[in-house]
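Engineer: Please find one structure pasted underneath; my questions will follow.
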Amino acid sequence: MKKGIAASKGYAIGKVFIQEHEEIVISDAKVTDIQAEKEKLQKALVASREQLEKIKAKAVESMGEEKAQVFEAHITLLDDPEFTGAMELEIDNNSSNAMKAVSDVTNTFVMIFESMEDAYMRERAADIKDVSKRIIANVAGKAEGFEITEANTIVVAHDLTPSDTAQLDRSKVVAFLTNIGGRTSHSAIMARTLEIPAVVGLKDITTTVKNGDVVIVDGIDGDVIINPDQATIDEYVAKRENFIKEQEELKKLIEVKTVTKSGKRVEVCGNIGKPEDVHQVLANGGDGVGLFRTEFLYMDRDSAPTEEEQYASYKYVLEKMEGKQVVIRTLDIGGDKTLPYLPLPEEMNPFLGYRAIRLCLDRKEIFKVQLRALLRASIYGNLCVMFPMISGLEEFLQAKEVVDECKAELKAEGKEYSEKIQWGIMVEIPAAAVYADELAKHVDFFSIGTNDLIQYTLAADRMSEKVSYLYNPMHPAVLRLIKMTIDGAHKHGKWVGMCGEMAGDETAIPTLVEYGLDEFSMSASSILNAKKIIMEQE
C-alpha cells in the first residue's frame, strides 16, 4: 500500500493508465535568422491559443463556466507582454532559439511564483508551466494531450496539468494519482469539482505501478492499494457505495440553517478570491462570504485597479449574496505577495515587515481608492470590512480615520454609502489575540486568520519542509490564543469568525464549536461537510 495526500474525496477501483508526456529536449543552440525564429514562436502561440479555446469549451461543459476560467487565465498569459514579450526579447537580445527562449522566461516566472507563501499564488506557477509546455510542444510540432479509451481507468502521472485534468473523460476516468502536488493544486481542485477521487504527493507512483495493474484509490485517507485481493475489493466497493449515499445526504443541507444540538446558530460561509467565486459559495449552501481576498483584484495586471473597477467587483458580490453577510478584507499585499507596479523595499524578513495594513496606512493614496469603492458598494448588501495584520489598537484607529476621510469626501461629492457597515480586524498576530478583550471594545467583529496565527505562534514556516512538522493547528498554545480571542470578543458582545484553513478542518471543528466560534469560513467545497459536523455538536 502507498500513502499520499488525499486531494479529492471518494473511492475508486480501476486499471492503471500511466500518462507520460514525451520529453522534448531543449538545446542551447543560437539562431542566425532572428525573424524566422520569432515567427516560429508566434505560430506556436496562435496554435496554443486555439488548443486552449477548445479545452476551455470542453471544461465549461464538464465543470461549468467558473472552473473553466482557469483556461481563460491561460489564454490571458499568452497575451501578456511581460510573459510572451519577454520570450521575443530573449530571441532578439540573445539569439536564443524559440524553445530556449520560452524555457528561460518560464523558469524566471516560475521561480518568482513558487517562492511565494500564499498557496493560490504558488499554484499560478503551475499555470505558467502548463502554458509553457504547450508552447514548447507546438514549437516542436508535437501535440500535447492524451486520450483514455477504456472505462474504469485510473490515470497515473508524475503531475497532471490543469489542461490534462480538464480533458479527463468522466465516463472513463474514475480517479487519478500523481507523484507530486498538494490539496491546493489546480488539478486537485478540479478533481474535487469533477468529483473524481485523487491522491497526490505519492513520490514514485509512476514507477511503483505498471499499465494494467488494478488499484484501489482511497481519497479519504490518501491510500493506494495495488493489485488487491477480492476481499479487499469487496470491502472498498461497500465503502464506495456508502460514500455516494453520504454525499447525496449532504446535498440535503444546502438550504438548511446550521444549528448545534444545543440550539446555537452558527454561520458557515465561503472564502473567495474573485467575484465569480461567489456562485460556488451559494451552490454549496454558504451563509455568506467570510473572506473576500481583494489582493487578487490587484494581481496579474500592470497597474492598480481603479475605484470604479473595485466598486463593480464589490457591488457584484454583495448583490449576488442578496443580503447575506459579506466580509471583505482590505489589501493584504507584501510578504509573499508582490505587485509589479508597487515595488517594495528589500527586507530580511518580509513576513514581519512592510505589508498589509502597515503598507496601506503608509500609502494612503492606494488605501483610499479601495475604501471609497467599498463604501460606495456598501448600499447593495450586508458589508463587513476587515483590516489584516493588526497588531494593536492604534493601527485600527488609524485605519478608521482614513475611513472617515473617505466618508467626508463621498458626502461632499453627493455619493451614497451605508452607515451599517461593520468594521473588524483579522486576528493573525498573537499580540492581537492576547489583547482581544481590549480590542473588542472598539471593533465590530474579529476574524481569526489561522494560517498566519499558527505560523507566528509556533515560529514555523508551513512552507518549509524541514519544519512543517511543527505547524500544528491543534497545538495547545494556538488553541489557547483562539479561545482568548473568542472570549475577549464575547465579553463585549462582538462576534468572531475564522477564515483560515483550520475552519474547514474536520478534526478542529468540534473544538471550535465548543469554544463558541460564531462563523466558520472555508473553501466552498468544504461547506456542506462542515455544516454536518457542526450540527452534530452540542
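Residues are referred to by chain and number: the chain letter is A, B, ... according to the order shown in the C-alpha cells, the number counts from 1 in that chain, and ligands are numbered separately from 1 in the order shown.
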List the spatial neighbours of Asp404 (chain A) as an MDAnalysis selection string - criterion: any atom at most 10 Å away, only C-alpha atoms, same-chain residues fewer than 6 positions off excluded.
Structural biologist: chainID A and resid 371 398 410
Engineer: Got a sec: who's within 6 Å of Val496 (chain A), counting only C-alpha atoms, leaving out chain neighbours fewer than 3 positions off, as a list in words?
Structural biologist: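 Contacts, with the query itself left out: Phe445, Phe446, Ser447, Leu517 and Asp518 of chain A.
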Engineer: Now that the selection is made, can you save its residues with N, CA and C atoms as a compact mmCIF listing (two decimals), in the first residue's frame?
Structural biologist:
# COMPACT_ATOMS: atom_id res chain seq x y z
N PHE A 445 -16.17 43.18 14.98
CA PHE A 445 -16.01 41.72 14.91
C PHE A 445 -14.52 41.38 14.75
N PHE A 446 -14.23 40.11 15.00
CA PHE A 446 -12.90 39.56 14.73
C PHE A 446 -13.05 38.44 13.69
N SER A 447 -12.03 38.26 12.87
CA SER A 447 -11.95 37.07 12.02
C SER A 447 -10.56 36.50 12.22
N LEU A 517 -17.11 29.62 18.61
CA LEU A 517 -16.89 30.34 17.36
C LEU A 517 -18.23 30.56 16.66
N ASP A 518 -18.46 31.80 16.21
CA ASP A 518 -19.76 32.16 15.64
C ASP A 518 -19.86 31.92 14.15
Engineer: Could you state the separation of CA of Lys494 (chain A) and CA of Ala440 (chain A) in Å, given to one decimal place?
Structural biologist: 6.8 Å
Engineer: Between A:Ile534, A:Met299, A:Val443, A:Val60, which is the closest to Ile421 (chain A) once you count only C-alpha atoms?
Structural biologist: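 Residue with the minimum atom-to-atom distance to Ile421 (chain A): A:Val443.
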Engineer: Among region 8-236 of chain A, which ones does DSSP place in strand (DSSP E), written as a ChimeraX atom specification?
Structural biologist: /A:8,11-18,153-157,173-178,198-200,214-218,223-226
Engineer: For Glu195 (chain A), work out the shell of residues within 8 Å, counting only C-alpha atoms and skipping chain neighbours fewer than 6 positions away, then give it as a list in words.
Structural biologist: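 Surrounding residues, per the criterion: Ser8, Lys9 and Gly10 of chain A.
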Engineer: Of the candidates A:Tyr236, A:Tyr417, A:Tyr380, A:Trp423, which shows the shortest atom-to-atom distance to Ala399 (chain A), using only C-alpha atoms?
Structural biologist: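 Under the stated criterion, the closest residue is A:Trp423.
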Engineer: Could you give me, as a list in words, the residues within 10 Å of region 240-246 of chain A, counting only C-alpha atoms and dropping anything in the same chain fewer than 4 positions from it?
Structural biologist: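 Residues near the query, excluding close chain neighbours: Lys9, Gly10, Tyr11, Ala12, Ile13, Asp218, Ile220, Asp234, Glu235, Tyr236, Leu250, Lys251 and Asn529 of chain A.
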Engineer: Quick one: write out the picked residues with C-alpha atoms as an mmCIF file, in the first residue's frame?
Structural biologist:
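Written output follows (result30.cif):
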data_model
loop_
_atom_site.group_PDB
_atom_site.id
_atom_site.type_symbol
_atom_site.label_atom_id
_atom_site.label_comp_id
_atom_site.auth_asym_id
_atom_site.auth_seq_id
_atom_site.Cartn_x
_atom_site.Cartn_y
_atom_site.Cartn_z
ATOM 1 C CA LYS A 9 -12.648 12.576 -1.605
ATOM 2 C CA GLY A 10 -14.128 9.309 -2.738
ATOM 3 C CA TYR A 11 -13.206 5.705 -3.533
ATOM 4 C CA ALA A 12 -12.339 4.171 -6.889
ATOM 5 C CA ILE A 13 -11.293 0.779 -8.232
ATOM 6 C CA ASP A 218 -8.880 5.820 -1.164
ATOM 7 C CA ILE A 220 -10.444 9.832 2.158
ATOM 8 C CA ASP A 234 -15.385 -6.152 -1.869
ATOM 9 C CA GLU A 235 -14.642 -4.046 1.222
ATOM 10 C CA TYR A 236 -13.948 -0.938 -0.884
ATOM 11 C CA LEU A 250 -25.061 16.210 2.390
ATOM 12 C CA LYS A 251 -26.824 17.914 -0.522
ATOM 13 C CA ASN A 529 -19.422 18.670 5.347
#
Engineer: Give the helix (DSSP H, G or I) residues of region 300-423 of chain A, as assigned by DSSP on the backbone, as a ChimeraX atom specification.
Structural biologist: /A:307-320,350-352,356-362,364-380,393-412
Engineer: Could the residues of region 480-525 of chain A that have an atom at most 12 Å from region 263-278 of chain A be listed as JSON lines, each with its closest atom pair and the distance in Å to one decimal, counting only C-alpha atoms and ordered by chain and ascending residue number?
Structural biologist:
{"residue": "A:Trp495", "atom": "CA", "partner": "A:Val266", "partner_atom": "CA", "distance": 10.8}
{"residue": "A:Val496", "atom": "CA", "partner": "A:Glu267", "partner_atom": "CA", "distance": 10.4}
{"residue": "A:Gly497", "atom": "CA", "partner": "A:Glu267", "partner_atom": "CA", "distance": 8.6}
{"residue": "A:Met498", "atom": "CA", "partner": "A:Cys269", "partner_atom": "CA", "distance": 9.7}
{"residue": "A:Cys499", "atom": "CA", "partner": "A:Asn271", "partner_atom": "CA", "distance": 7.1}
{"residue": "A:Gly500", "atom": "CA", "partner": "A:Asn271", "partner_atom": "CA", "distance": 9.0}
{"residue": "A:Glu501", "atom": "CA", "partner": "A:Asn271", "partner_atom": "CA", "distance": 10.0}
{"residue": "A:Ala503", "atom": "CA", "partner": "A:Val268", "partner_atom": "CA", "distance": 9.3}
{"residue": "A:Gly504", "atom": "CA", "partner": "A:Val268", "partner_atom": "CA", "distance": 9.5}
{"residue": "A:Ile509", "atom": "CA", "partner": "A:Val268", "partner_atom": "CA", "distance": 11.3}
{"residue": "A:Leu512", "atom": "CA", "partner": "A:Val266", "partner_atom": "CA", "distance": 11.0}
{"residue": "A:Val513", "atom": "CA", "partner": "A:Val266", "partner_atom": "CA", "distance": 8.6}
{"residue": "A:Glu514", "atom": "CA", "partner": "A:Lys264", "partner_atom": "CA", "distance": 10.8}
{"residue": "A:Gly516", "atom": "CA", "partner": "A:Lys264", "partner_atom": "CA", "distance": 9.0}
{"residue": "A:Leu517", "atom": "CA", "partner": "A:Val266", "partner_atom": "CA", "distance": 7.8}
{"residue": "A:Asp518", "atom": "CA", "partner": "A:Val266", "partner_atom": "CA", "distance": 5.4}
{"residue": "A:Glu519", "atom": "CA", "partner": "A:Glu267", "partner_atom": "CA", "distance": 4.6}
{"residue": "A:Phe520", "atom": "CA", "partner": "A:Val268", "partner_atom": "CA", "distance": 4.9}
{"residue": "A:Ser521", "atom": "CA", "partner": "A:Cys269", "partner_atom": "CA", "distance": 4.4}
{"residue": "A:Met522", "atom": "CA", "partner": "A:Gly270", "partner_atom": "CA", "distance": 4.9}
{"residue": "A:Ser523", "atom": "CA", "partner": "A:Asn271", "partner_atom": "CA", "distance": 5.4}
{"residue": "A:Ala524", "atom": "CA", "partner": "A:Gly270", "partner_atom": "CA", "distance": 5.1}
{"residue": "A:Ser525", "atom": "CA", "partner": "A:Gly270", "partner_atom": "CA", "distance": 8.7}
Engineer: Got a sec: who's within 12 Å of Glu50 (chain A), counting only C-alpha atoms, leaving out chain neighbours fewer than 3 positions off, as a VMD selection string?
Structural biologist: chain A and resid 43 to 47 53 to 57 71 to 72 74 to 75 78 134 to 135 138
